[in-house]
>>> print(open('data-v2.txt').read())   # compact mmCIF, C-alpha atoms
# COMPACT_ATOMS: atom_id res chain seq x y z
CA MET A 1 -120.55 40.68 -65.77
CA ILE A 2 -119.76 38.03 -63.15
CA ARG A 3 -119.78 35.29 -65.79
CA ARG A 4 -117.42 37.29 -67.94
CA ALA A 5 -114.96 37.75 -65.02
CA LEU A 6 -114.98 34.03 -64.32
CA LEU A 7 -114.20 33.26 -67.95
CA ILE A 8 -111.28 35.68 -67.93
CA SER A 9 -109.87 34.20 -64.69
CA SER A 10 -110.10 30.67 -66.04
CA ALA A 11 -108.33 31.68 -69.21
CA LEU A 12 -105.49 33.34 -67.29
CA ALA A 13 -105.05 30.29 -65.04
CA PHE A 14 -104.94 27.94 -68.03
CA ALA A 15 -102.34 30.15 -69.74
CA ALA A 16 -100.15 30.13 -66.62
CA LEU A 17 -100.37 26.33 -66.43
CA LEU A 18 -99.30 26.01 -70.05
CA ALA A 19 -96.37 28.36 -69.48
CA ALA A 20 -95.20 26.33 -66.46
CA CYS A 21 -95.36 23.09 -68.39
CA SER A 22 -93.50 24.69 -71.26
CA ASP A 23 -90.75 25.96 -68.93
CA SER A 24 -90.30 22.58 -67.21
CA GLY A 25 -90.10 20.82 -70.53
CA SER A 26 -87.53 23.24 -71.88
CA LYS A 27 -85.06 22.75 -68.95
CA PRO A 28 -82.23 20.29 -69.56
CA ALA A 29 -82.12 17.17 -67.36
CA GLY A 30 -78.72 18.12 -65.98
CA ASN A 31 -80.11 21.06 -63.93
CA ALA A 32 -81.79 18.69 -61.47
CA GLY A 33 -78.43 18.05 -59.71
CA ALA A 34 -77.72 21.76 -59.54
CA GLY A 35 -81.05 22.31 -57.81
CA ALA A 36 -80.15 19.68 -55.19
CA ALA A 37 -76.74 21.27 -54.59
CA GLN A 38 -78.39 24.62 -53.90
CA GLN A 39 -80.27 22.99 -51.01
CA ALA A 40 -76.99 22.44 -49.02
CA ALA A 41 -77.21 24.54 -45.86
CA PRO A 42 -74.19 26.68 -44.97
CA VAL A 43 -72.64 25.75 -41.62
CA GLY A 44 -69.67 27.13 -39.72
CA VAL A 45 -66.82 24.64 -39.24
CA ILE A 46 -63.40 24.51 -37.63
CA THR A 47 -60.66 22.16 -38.77
CA LEU A 48 -59.30 19.96 -35.98
CA THR A 49 -55.62 19.30 -35.37
CA LYS A 50 -54.19 17.02 -32.71
CA GLY A 51 -52.35 18.76 -29.91
CA THR A 52 -51.58 18.68 -26.20
CA PHE A 53 -54.28 20.26 -24.04
CA PRO A 54 -54.75 20.68 -20.28
CA ILE A 55 -57.06 18.33 -18.41
CA THR A 56 -59.30 20.48 -16.23
CA THR A 57 -62.25 20.22 -13.90
CA ILE A 58 -64.61 22.92 -12.58
CA LEU A 59 -65.48 22.93 -8.88
CA PRO A 60 -68.05 25.04 -7.02
CA GLY A 61 -66.80 26.97 -4.02
CA ARG A 62 -67.31 29.78 -1.58
CA ALA A 63 -64.98 32.56 -0.43
CA GLU A 64 -63.88 32.70 3.21
CA THR A 65 -61.76 35.18 5.15
CA PHE A 66 -58.10 34.42 5.68
CA GLN A 67 -58.25 35.64 9.30
CA THR A 68 -61.06 36.89 11.51
CA ALA A 69 -60.68 38.45 14.96
CA ASP A 70 -63.40 39.52 17.40
CA ILE A 71 -61.99 42.43 19.39
CA ARG A 72 -62.62 42.27 23.16
CA PRO A 73 -61.14 44.33 26.02
CA GLN A 74 -58.58 42.72 28.33
CA VAL A 75 -59.03 45.33 31.06
CA SER A 76 -62.11 47.06 32.44
CA GLY A 77 -62.81 50.75 32.15
CA LEU A 78 -64.47 53.64 30.37
CA ILE A 79 -64.10 54.01 26.58
CA ARG A 80 -62.34 57.34 26.09
CA GLU A 81 -61.75 57.18 22.32
CA VAL A 82 -62.91 55.21 19.27
CA ALA A 83 -60.08 55.77 16.82
CA PHE A 84 -61.31 54.10 13.61
CA LYS A 85 -63.96 54.62 10.96
CA ASP A 86 -66.63 51.95 10.69
CA GLY A 87 -66.00 49.72 7.68
CA GLY A 88 -62.60 51.25 7.04
CA GLU A 89 -59.24 49.71 6.27
CA ILE A 90 -56.85 49.33 9.18
CA LYS A 91 -53.22 48.29 9.54
CA LYS A 92 -51.60 46.08 12.15
CA GLY A 93 -50.89 48.11 15.29
CA ASP A 94 -53.42 50.88 14.55
CA LEU A 95 -55.25 52.17 17.63
CA LEU A 96 -58.87 51.02 17.74
CA TYR A 97 -60.06 51.93 21.24
CA GLN A 98 -58.55 53.88 24.12
CA ILE A 99 -59.77 52.89 27.59
CA GLU A 100 -59.39 55.42 30.41
CA ASP A 101 -55.84 54.76 31.60
CA ALA A 102 -55.46 57.02 34.65
CA PRO A 103 -56.08 54.21 37.19
CA TYR A 104 -53.61 51.98 35.39
CA ILE A 105 -50.95 54.70 35.26
CA ALA A 106 -51.34 55.10 39.01
CA ALA A 107 -50.93 51.33 39.47
CA VAL A 108 -47.68 51.45 37.48
CA GLU A 109 -46.32 54.29 39.59
CA GLN A 110 -47.27 52.44 42.76
CA ALA A 111 -45.44 49.34 41.54
CA LYS A 112 -42.35 51.43 40.82
CA ALA A 113 -42.46 52.82 44.35
CA ALA A 114 -42.72 49.32 45.76
CA ILE A 115 -39.56 48.35 43.87
CA SER A 116 -37.68 51.32 45.33
CA LYS A 117 -38.81 50.43 48.83
CA ALA A 118 -37.77 46.81 48.43
CA GLN A 119 -34.40 47.76 46.97
CA ALA A 120 -33.70 50.09 49.92
CA SER A 121 -33.61 47.18 52.37
CA VAL A 122 -31.10 45.15 50.35
CA PRO A 123 -27.88 47.10 51.20
CA SER A 124 -28.49 46.97 54.99
CA ALA A 125 -29.23 43.25 54.78
CA GLU A 126 -26.00 42.69 52.82
CA SER A 127 -23.86 44.64 55.33
CA ASN A 128 -25.50 42.84 58.24
CA LEU A 129 -24.67 39.48 56.62
CA ASP A 130 -21.05 40.52 56.07
CA ARG A 131 -20.70 41.56 59.73
CA TYR A 132 -22.12 38.29 61.07
CA GLN A 133 -19.93 36.33 58.67
CA ARG A 134 -16.80 37.95 60.15
CA LEU A 135 -17.95 37.41 63.73
CA VAL A 136 -18.96 33.78 63.47
CA GLY A 137 -17.12 31.92 66.25
CA SER A 138 -15.88 35.15 67.89
CA GLY A 139 -18.94 37.06 69.10
CA ALA A 140 -21.69 35.81 66.73
CA THR A 141 -23.37 32.48 66.62
CA GLN A 142 -24.01 30.36 63.57
CA ILE A 143 -27.74 30.88 64.03
CA GLU A 144 -27.35 34.67 63.82
CA PHE A 145 -25.32 34.25 60.64
CA GLU A 146 -27.99 32.07 59.05
CA THR A 147 -30.71 34.51 60.08
CA ALA A 148 -28.82 37.38 58.41
CA LYS A 149 -28.47 35.33 55.23
CA THR A 150 -32.22 34.63 55.21
CA THR A 151 -33.01 38.30 55.71
CA LEU A 152 -30.91 39.24 52.67
CA LEU A 153 -32.61 36.62 50.52
CA GLN A 154 -36.01 37.89 51.60
CA ALA A 155 -35.03 41.46 50.74
CA LYS A 156 -33.95 40.43 47.24
CA ALA A 157 -37.14 38.40 46.82
CA GLU A 158 -39.18 41.48 47.72
CA VAL A 159 -37.40 43.36 44.94
CA GLU A 160 -38.21 40.65 42.38
CA SER A 161 -41.82 40.51 43.54
CA ALA A 162 -42.13 44.27 43.18
CA LYS A 163 -40.66 44.08 39.67
CA ALA A 164 -43.21 41.40 38.71
CA ALA A 165 -45.99 43.60 40.05
CA LEU A 166 -44.68 46.46 37.93
CA ALA A 167 -44.65 44.25 34.83
CA ALA A 168 -48.25 43.20 35.49
CA ALA A 169 -49.31 46.82 36.03
CA GLN A 170 -47.55 47.83 32.80
CA ILE A 171 -49.34 45.06 30.87
CA ASP A 172 -52.69 46.30 32.13
CA LEU A 173 -51.75 49.84 31.15
CA ASP A 174 -50.75 48.69 27.67
CA HIS A 175 -54.08 46.89 27.32
CA THR A 176 -55.93 50.18 27.70
CA ARG A 177 -54.81 50.76 24.11
CA ILE A 178 -56.68 48.21 21.98
CA VAL A 179 -54.82 47.89 18.67
CA ALA A 180 -55.39 45.94 15.43
CA PRO A 181 -53.77 42.48 15.45
CA PHE A 182 -53.38 42.41 11.64
CA ASP A 183 -54.22 44.32 8.46
CA GLY A 184 -57.83 44.09 7.39
CA ILE A 185 -61.30 45.61 7.15
CA ILE A 186 -63.04 46.54 10.39
CA ASP A 187 -66.75 46.26 11.14
CA GLN A 188 -69.01 48.75 12.85
CA THR A 189 -68.23 49.47 16.49
CA ALA A 190 -70.56 48.02 19.12
CA VAL A 191 -69.63 50.64 21.76
CA ASN A 192 -69.14 54.37 21.79
CA VAL A 193 -67.20 56.91 23.83
CA GLY A 194 -68.45 56.88 27.43
CA ASN A 195 -69.47 53.22 27.48
CA VAL A 196 -67.98 51.02 30.19
CA VAL A 197 -66.44 47.71 29.13
CA SER A 198 -65.30 44.70 31.13
CA ALA A 199 -62.22 42.54 30.79
CA ASN A 200 -62.79 39.50 28.54
CA GLN A 201 -66.50 40.24 28.10
CA THR A 202 -68.50 37.95 25.81
CA THR A 203 -69.72 40.76 23.54
CA ALA A 204 -67.14 41.81 20.95
CA LEU A 205 -66.40 45.49 20.49
CA THR A 206 -65.95 44.99 16.74
CA THR A 207 -64.59 42.45 14.23
CA ILE A 208 -61.61 42.59 11.87
CA ARG A 209 -61.35 40.47 8.72
CA GLN A 210 -58.23 39.98 6.64
CA LEU A 211 -59.20 39.71 2.96
CA ASP A 212 -55.78 39.54 1.33
CA PRO A 213 -55.09 36.71 0.75
CA ILE A 214 -58.46 34.96 0.80
CA TYR A 215 -59.52 31.33 1.10
CA ILE A 216 -61.75 29.56 -1.42
CA SER A 217 -63.34 26.36 -0.10
CA LEU A 218 -64.10 24.06 -3.05
CA THR A 219 -66.29 20.97 -3.04
CA GLU A 220 -64.94 17.96 -4.94
CA SER A 221 -66.30 14.45 -5.39
CA SER A 222 -64.43 11.49 -4.00
CA THR A 223 -64.37 10.00 -7.53
CA ASN A 224 -62.36 12.92 -8.85
CA LEU A 225 -60.09 12.66 -5.83
CA LEU A 226 -59.18 9.14 -6.94
CA LYS A 227 -58.57 10.41 -10.49
CA LEU A 228 -56.28 13.12 -9.14
CA ARG A 229 -54.28 10.58 -7.17
CA ASP A 230 -54.04 8.30 -10.21
CA ALA A 231 -52.77 11.23 -12.30
CA MET A 232 -50.14 12.02 -9.69
CA ALA A 233 -49.10 8.35 -9.54
CA ALA A 234 -48.81 8.25 -13.36
CA GLY A 235 -46.54 11.28 -13.35
CA ASP A 236 -48.99 13.63 -15.13
CA ILE A 237 -48.88 15.78 -12.00
CA LYS A 238 -45.60 16.05 -10.13
CA GLY A 239 -47.14 17.10 -6.83
CA GLU A 240 -49.58 19.46 -5.18
CA ALA A 241 -47.45 22.47 -6.12
CA ASN A 242 -48.15 21.74 -9.82
CA VAL A 243 -51.94 21.92 -9.45
CA VAL A 244 -53.08 25.27 -10.89
CA PHE A 245 -56.35 26.91 -9.83
CA HIS A 246 -58.15 29.62 -11.82
CA LEU A 247 -61.17 31.40 -10.36
CA ILE A 248 -64.40 32.27 -12.19
CA LEU A 249 -66.38 35.01 -10.44
CA GLU A 250 -70.16 35.30 -10.08
CA ASN A 251 -70.36 37.54 -13.16
CA GLY A 252 -68.69 34.86 -15.30
CA LYS A 253 -65.35 36.67 -15.59
CA GLU A 254 -62.07 34.96 -14.79
CA TYR A 255 -60.16 36.32 -11.81
CA ASN A 256 -56.67 37.53 -12.74
CA GLN A 257 -54.89 35.72 -9.88
CA GLN A 258 -53.83 32.08 -9.58
CA GLY A 259 -54.48 30.07 -6.46
CA LYS A 260 -52.45 27.43 -4.69
CA LEU A 261 -53.61 24.41 -2.74
CA ASP A 262 -53.59 25.09 0.99
CA MET A 263 -55.15 21.99 2.51
CA SER A 264 -58.02 19.56 2.12
CA LYS A 265 -60.10 17.67 4.61
CA GLN A 266 -59.12 14.03 4.77
CA VAL A 267 -62.71 12.91 5.42
CA VAL A 268 -65.35 12.26 2.74
CA SER A 269 -68.89 13.32 3.62
CA GLU A 270 -71.14 10.32 4.27
CA THR A 271 -74.19 12.15 2.90
CA THR A 272 -72.82 13.82 -0.26
CA GLY A 273 -69.69 11.78 -1.08
CA THR A 274 -67.64 14.97 -1.35
CA PHE A 275 -64.69 16.51 0.44
CA ILE A 276 -63.44 20.08 0.86
CA ILE A 277 -60.38 21.52 -0.88
CA ARG A 278 -59.13 24.87 0.46
CA VAL A 279 -57.26 27.12 -1.98
CA LEU A 280 -55.42 30.34 -1.19
CA PHE A 281 -55.79 33.24 -3.66
CA PRO A 282 -54.08 36.66 -3.58
CA ASN A 283 -56.73 39.36 -3.23
CA PRO A 284 -54.87 42.72 -3.31
CA ASP A 285 -57.83 44.70 -4.67
CA ARG A 286 -60.37 42.84 -2.50
CA ILE A 287 -62.42 41.85 -5.54
CA VAL A 288 -63.33 38.55 -3.90
CA LEU A 289 -65.37 39.04 -0.73
CA PRO A 290 -66.29 36.51 1.97
CA GLY A 291 -69.49 34.64 1.20
CA MET A 292 -69.21 34.94 -2.59
CA TYR A 293 -70.10 31.82 -4.55
CA VAL A 294 -67.46 31.13 -7.22
CA ARG A 295 -66.19 28.38 -9.50
CA ALA A 296 -62.62 27.23 -9.80
CA THR A 297 -61.01 25.64 -12.85
CA VAL A 298 -58.36 23.14 -11.81
CA GLU A 299 -55.65 21.98 -14.23
CA LEU A 300 -54.85 18.37 -13.39
CA GLY A 301 -52.30 17.74 -16.11
CA ALA A 302 -52.14 17.52 -19.92
CA GLU A 303 -53.00 14.96 -22.58
CA ALA A 304 -52.63 14.69 -26.38
CA GLY A 305 -55.87 14.67 -28.34
CA TYR A 306 -58.48 16.82 -30.06
CA ALA A 307 -60.30 19.67 -28.31
CA LEU A 308 -64.03 19.87 -29.16
CA PRO A 309 -65.57 23.19 -28.02
CA GLN A 310 -68.42 22.59 -25.60
CA LEU A 311 -70.72 24.88 -27.58
CA ALA A 312 -70.55 22.40 -30.50
CA THR A 313 -71.23 19.24 -28.46
CA SER A 314 -74.12 17.56 -26.64
CA ARG A 315 -74.94 14.33 -24.82
CA ASP A 316 -77.06 11.46 -26.09
CA ALA A 317 -79.49 9.37 -24.06
CA ASN A 318 -76.63 7.15 -22.88
CA GLY A 319 -74.56 10.11 -21.67
CA ARG A 320 -72.02 9.85 -24.48
CA LEU A 321 -70.48 12.99 -25.93
CA THR A 322 -71.77 13.69 -29.47
CA ALA A 323 -70.77 16.19 -32.15
CA GLN A 324 -71.61 16.93 -35.78
CA PHE A 325 -68.94 16.67 -38.49
CA VAL A 326 -68.83 17.22 -42.25
CA SER A 327 -68.26 13.87 -43.97
CA ALA A 328 -66.12 13.29 -47.07
CA ASP A 329 -69.21 13.55 -49.32
CA GLY A 330 -70.30 16.87 -47.79
CA LYS A 331 -73.02 15.60 -45.46
CA VAL A 332 -73.66 15.88 -41.75
CA GLU A 333 -72.11 13.02 -39.79
CA THR A 334 -72.93 12.48 -36.11
CA ARG A 335 -70.17 10.92 -34.01
CA ALA A 336 -70.38 9.65 -30.45
CA PHE A 337 -67.40 9.33 -28.12
CA GLU A 338 -67.23 6.94 -25.21
CA ASN A 339 -64.42 8.76 -23.38
CA SER A 340 -63.83 12.48 -23.02
CA SER A 341 -62.14 14.74 -20.50
CA PRO A 342 -62.90 18.40 -19.69
CA SER A 343 -60.31 20.87 -20.95
CA ASN A 344 -61.23 24.48 -20.13
CA ASN A 345 -64.20 25.26 -22.43
CA SER A 346 -63.71 22.12 -24.53
CA TRP A 347 -63.92 18.34 -24.33
CA LEU A 348 -60.69 16.46 -24.95
CA VAL A 349 -61.16 13.37 -27.17
CA THR A 350 -58.39 10.95 -28.11
CA GLU A 351 -60.20 8.52 -30.44
CA GLY A 352 -62.58 8.73 -33.40
CA ILE A 353 -61.04 11.85 -34.96
CA LYS A 354 -58.16 12.51 -37.32
CA ASP A 355 -56.30 15.63 -38.42
CA GLY A 356 -58.28 17.71 -40.92
CA ASP A 357 -61.76 16.64 -39.75
CA GLN A 358 -64.26 19.50 -39.92
CA LEU A 359 -66.33 20.04 -36.77
CA ILE A 360 -69.59 21.97 -37.19
CA VAL A 361 -69.70 24.81 -34.65
CA SER A 362 -72.57 27.02 -35.91
CA GLY A 363 -75.87 26.45 -37.69
CA LEU A 364 -76.47 23.30 -35.62
CA GLN A 365 -80.18 23.97 -35.09
CA SER A 366 -81.00 23.82 -38.81
CA ILE A 367 -79.26 20.56 -39.73
CA THR A 368 -79.83 16.85 -39.24
CA SER A 369 -77.63 13.82 -39.71
CA GLY A 370 -77.13 12.94 -43.40
CA MET A 371 -78.14 16.38 -44.64
CA PRO A 372 -75.88 18.00 -47.29
CA VAL A 373 -74.11 21.10 -46.01
CA LYS A 374 -71.75 23.78 -47.26
CA PRO A 375 -68.77 24.29 -44.87
CA VAL A 376 -67.83 27.88 -44.03
CA PRO A 377 -64.47 28.24 -42.18
CA MET A 378 -64.91 29.79 -38.72
CA LYS A 379 -62.90 30.22 -35.54
CA ILE A 380 -63.65 30.67 -31.84
CA ASN A 381 -62.21 33.83 -30.29
CA ASP A 382 -60.93 34.32 -26.74
CA ASN A 383 -64.43 35.14 -25.51
CA GLY A 384 -65.78 31.79 -26.77
CA VAL A 385 -67.69 33.39 -29.65
CA VAL A 386 -67.79 31.87 -33.15
CA VAL A 387 -66.53 34.38 -35.76
CA PRO A 388 -65.47 34.10 -39.42
CA ALA A 389 -61.98 32.66 -39.83
CA GLU A 390 -60.72 35.40 -42.17
CA GLN A 391 -61.90 38.75 -40.86
CA PRO A 392 -64.58 39.10 -38.16
CA ALA A 393 -67.39 41.54 -38.81
CA ALA A 394 -67.68 44.56 -36.53
CA GLY A 395 -70.63 43.19 -34.54
CA ASP A 396 -69.49 39.58 -34.33
CA ALA A 397 -67.74 40.06 -30.99
CA GLN A 398 -71.13 40.47 -29.31
CA LYS A 399 -72.97 37.85 -31.39
CA PRO A 400 -73.29 34.49 -29.59
CA ALA A 401 -72.57 31.26 -31.41
CA ALA A 402 -75.57 29.65 -33.05
CA LYS A 403 -76.38 26.11 -32.12
>>> encode(input="data-v2.txt", output="structure tokens")
Amino acid sequence: MIRRALLISSALAFAALLAACSDSGSKPAGNAGAGAAQQAAPVGVITLTKGTFPITTILPGRAETFQTADIRPQVSGLIREVAFKDGGEIKKGDLLYQIEDAPYIAAVEQAKAAISKAQASVPSAESNLDRYQRLVGSGATQIEFETAKTTLLQAKAEVESAKAALAAAQIDLDHTRIVAPFDGIIDQTAVNVGNVVSANQTTALTTIRQLDPIYISLTESSTNLLKLRDAMAAGDIKGEANVVFHLILENGKEYNQQGKLDMSKQVVSETTGTFIIRVLFPNPDRIVLPGMYVRATVELGAEAGYALPQLATSRDANGRLTAQFVSADGKVETRAFENSSPSNNSWLVTEGIKDGDQLIVSGLQSITSGMPVKPVPMKINDNGVVVPAEQPAAGDAQKPAAK
């Protein structure tokens, strides 16, 4: 039985071999080219056109408060009221703490009484001076006249001194009401009702931070600083007011407010070769909080050229920008570019490309230079995702570009 099975298997294998040879002999020679054409891998491409694109750079940074104030008492006394909610929003002039004011009210009343007493002596001093002035040379000596004049001046000085004492007492009374110096967010209180505080103590009662607007401190290299100055000298940038800043938050989303240059340190760090740029951003909804690490995209000007999406490019061993194109004969062509400038999510290239060139943007992992490919028109949407050029499929918006 085993021998019979082996004979049957051998016969079937021989028959299959004959059939294969017969099929290959019956095919016309012209089908060999068609078989090679079927091996061309489909790749997504975009057609490049020369245009004017912004020159940008991305800088790391950190958010900082616009204003910060440690609240300390300016008079001593017992805390009678804590008028805010910890962590709440406060407005300029809102009451924060009320210090017991009874002693300070009494001081004000005492100062008012001192003014009245001082003012009471002024009329008698004035009349005494008038009397001596009339009697000088006929019953009153010049010395008595001068003494009366001095007495009047002293009486008026007592009035002014009492008024100054009243002003000082009123200032102390006003300081029993500790109010917010500006709009902001207030921290937790360090004291409660019944605690005694001292004037100008070292320990703060609480802290207020103003978050709208907010500062972003960016770190830039000294090399890029020289490029920025060269661009301004060439007229690409008309001044600091023309520099536009866009913020990228920690979650990768772009912040919907534009920033303006506030100042920069004029000293380059000896250890890192960088300097600090401070940018002011509106923050009405307090989305950006102090301490957040962010990135800022800075538009330094504009230049004419071709924008190569970063997702379709790489760097060779020499640091040159490289990209894959479809050649005239339908094969993969690798091009390297000596000079390129960042432009948002693309690299701006001015040489080595012409209008109509097809840049490969998807299927990059399955191709090599010189390999035949079949171009499929694609486009890159606002989210940086490669989608079909005609009509995107329903799930393409969430499908990342293939490399």
>>> atom_distance(input="data-v2.txt", atom1="CA of Ser217 in chain A", atom2="CA of Thr65 in chain A")
10.4 Å
>>> closest_residue(input="data-v2.txt", among="A:Val45, A:Leu249, A:Ala63, A:Ala164", to="Ala312 in chain A", atoms="only C-alpha atoms")
A:Val45
>>> atom_distance(input="data-v2.txt", atom1="CA of Gly51 in chain A", atom2="CA of Ala304 in chain A")
5.4 Å
>>> closest_residue(input="data-v2.txt", among="A:His175, A:Lys156, A:Lys92, A:Arg62", to="Ile248 in chain A", atoms="only C-alpha atoms")
A:Arg62
>>> residues_around(input="data-v2.txt", residues="Asn251 in chain A", least_positions_apart="3", cutoff="12 Å", atoms="only C-alpha atoms", output="PyMOL selection string")
chain A and resi 247-248+254-255+287-288+292-295
>>> residues_near_point(input="data-v2.txt", point="(-57.8, 56.1, 21.6)", cutoff="10 Å", atoms="all atoms listed in the file", output="tab-separated table (two decimals) with C-alpha atoms, in the frame of the given file")
chain	number	residue	atom	x	y	z
A	79	ILE	CA	-64.10	54.01	26.58
A	80	ARG	CA	-62.34	57.34	26.09
A	81	GLU	CA	-61.75	57.18	22.32
A	82	VAL	CA	-62.91	55.21	19.27
A	83	ALA	CA	-60.08	55.77	16.82
A	84	PHE	CA	-61.31	54.10	13.61
A	94	ASP	CA	-53.42	50.88	14.55
A	95	LEU	CA	-55.25	52.17	17.63
A	96	LEU	CA	-58.87	51.02	17.74
A	97	TYR	CA	-60.06	51.93	21.24
A	98	GLN	CA	-58.55	53.88	24.12
A	99	ILE	CA	-59.77	52.89	27.59
A	100	GLU	CA	-59.39	55.42	30.41
A	176	THR	CA	-55.93	50.18	27.70
A	177	ARG	CA	-54.81	50.76	24.11
A	178	ILE	CA	-56.68	48.21	21.98
A	179	VAL	CA	-54.82	47.89	18.67
A	193	VAL	CA	-67.20	56.91	23.83
>>> residues_near_point(input="data-v2.txt", point="(-44.3, 47.3, 42.3)", cutoff="6 Å", atoms="all atoms listed in the file", output="number ranges by chain")
A: 110-112, 114-115, 162-163, 165-166
>>> atom_distance(input="data-v2.txt", atom1="CA of Gly356 in chain A", atom2="CA of Ala41 in chain A")
20.7 Å
>>> closest_residue(input="data-v2.txt", among="A:Val43, A:Ala336, A:Ile71, A:Ala113", to="Arg209 in chain A", atoms="all atoms listed in the file")
A:Ile71
>>> closest_residue(input="data-v2.txt", among="A:Val243, A:Ala323, A:Val373, A:Leu261", to="Ala302 in chain A", atoms="only C-alpha atoms")
A:Val243
>>> residues_around(input="data-v2.txt", residues="range 218-223 of chain A", least_positions_apart="4", cutoff="12 Å", atoms="all atoms listed in the file", output="PyMOL selection string")
chain A and resi 57-64+227-230+245-247+259+261-280+293-298
>>> closest_residue(input="data-v2.txt", among="A:Val387, A:Ala180, A:Val197, A:Ala317", to="Gln210 in chain A", atoms="all atoms listed in the file")
A:Ala180
>>> decode(input="data-v2.txt", residues="range 344-349 of chain A", atoms="all heavy atoms", output="mmCIF file, in the first residue's frame")
data_model
loop_
_atom_site.group_PDB
_atom_site.id
_atom_site.type_symbol
_atom_site.label_atom_id
_atom_site.label_comp_id
_atom_site.auth_asym_id
_atom_site.auth_seq_id
_atom_site.Cartn_x
_atom_site.Cartn_y
_atom_site.Cartn_z
ATOM 1 N N ASN A 344 7.068 76.375 9.412
ATOM 2 C CA ASN A 344 5.994 75.673 10.109
ATOM 3 C C ASN A 344 6.312 74.177 10.157
ATOM 4 O O ASN A 344 7.337 73.792 10.689
ATOM 5 C CB ASN A 344 4.645 75.972 9.465
ATOM 6 C CG ASN A 344 4.242 77.430 9.649
ATOM 7 O OD1 ASN A 344 4.556 78.043 10.664
ATOM 8 N ND2 ASN A 344 3.559 77.999 8.669
ATOM 9 N N ASN A 345 5.477 73.320 9.551
ATOM 10 C CA ASN A 345 5.711 71.875 9.578
ATOM 11 C C ASN A 345 6.422 71.388 8.319
ATOM 12 O O ASN A 345 6.346 70.204 7.983
ATOM 13 C CB ASN A 345 4.390 71.120 9.739
ATOM 14 C CG ASN A 345 3.741 71.382 11.082
ATOM 15 O OD1 ASN A 345 4.432 71.485 12.095
ATOM 16 N ND2 ASN A 345 2.430 71.497 11.102
ATOM 17 N N SER A 346 7.114 72.272 7.630
ATOM 18 C CA SER A 346 7.791 71.924 6.388
ATOM 19 C C SER A 346 9.215 72.466 6.407
ATOM 20 O O SER A 346 9.597 73.239 7.289
ATOM 21 C CB SER A 346 7.028 72.495 5.177
ATOM 22 O OG SER A 346 5.702 72.028 5.137
ATOM 23 N N TRP A 347 9.985 72.026 5.393
ATOM 24 C CA TRP A 347 11.310 72.584 5.134
ATOM 25 C C TRP A 347 11.250 73.354 3.832
ATOM 26 O O TRP A 347 10.753 72.847 2.823
ATOM 27 C CB TRP A 347 12.361 71.478 5.040
ATOM 28 C CG TRP A 347 12.610 70.760 6.328
ATOM 29 C CD1 TRP A 347 12.170 69.510 6.676
ATOM 30 C CD2 TRP A 347 13.348 71.257 7.452
ATOM 31 N NE1 TRP A 347 12.579 69.191 7.936
ATOM 32 C CE2 TRP A 347 13.318 70.245 8.447
ATOM 33 C CE3 TRP A 347 14.030 72.439 7.718
ATOM 34 C CZ2 TRP A 347 13.937 70.393 9.675
ATOM 35 C CZ3 TRP A 347 14.646 72.589 8.947
ATOM 36 C CH2 TRP A 347 14.605 71.576 9.911
ATOM 37 N N LEU A 348 11.734 74.591 3.857
ATOM 38 C CA LEU A 348 11.696 75.441 2.676
ATOM 39 C C LEU A 348 13.002 75.277 1.909
ATOM 40 O O LEU A 348 14.088 75.506 2.451
ATOM 41 C CB LEU A 348 11.492 76.899 3.083
ATOM 42 C CG LEU A 348 11.276 77.901 1.946
ATOM 43 C CD1 LEU A 348 10.047 77.548 1.137
ATOM 44 C CD2 LEU A 348 11.152 79.317 2.509
ATOM 45 N N VAL A 349 12.880 74.856 0.624
ATOM 46 C CA VAL A 349 14.036 74.602 -0.240
ATOM 47 C C VAL A 349 13.917 75.498 -1.461
ATOM 48 O O VAL A 349 12.824 75.643 -2.041
ATOM 49 C CB VAL A 349 14.100 73.119 -0.649
ATOM 50 C CG1 VAL A 349 15.236 72.878 -1.625
ATOM 51 C CG2 VAL A 349 14.258 72.236 0.581
#
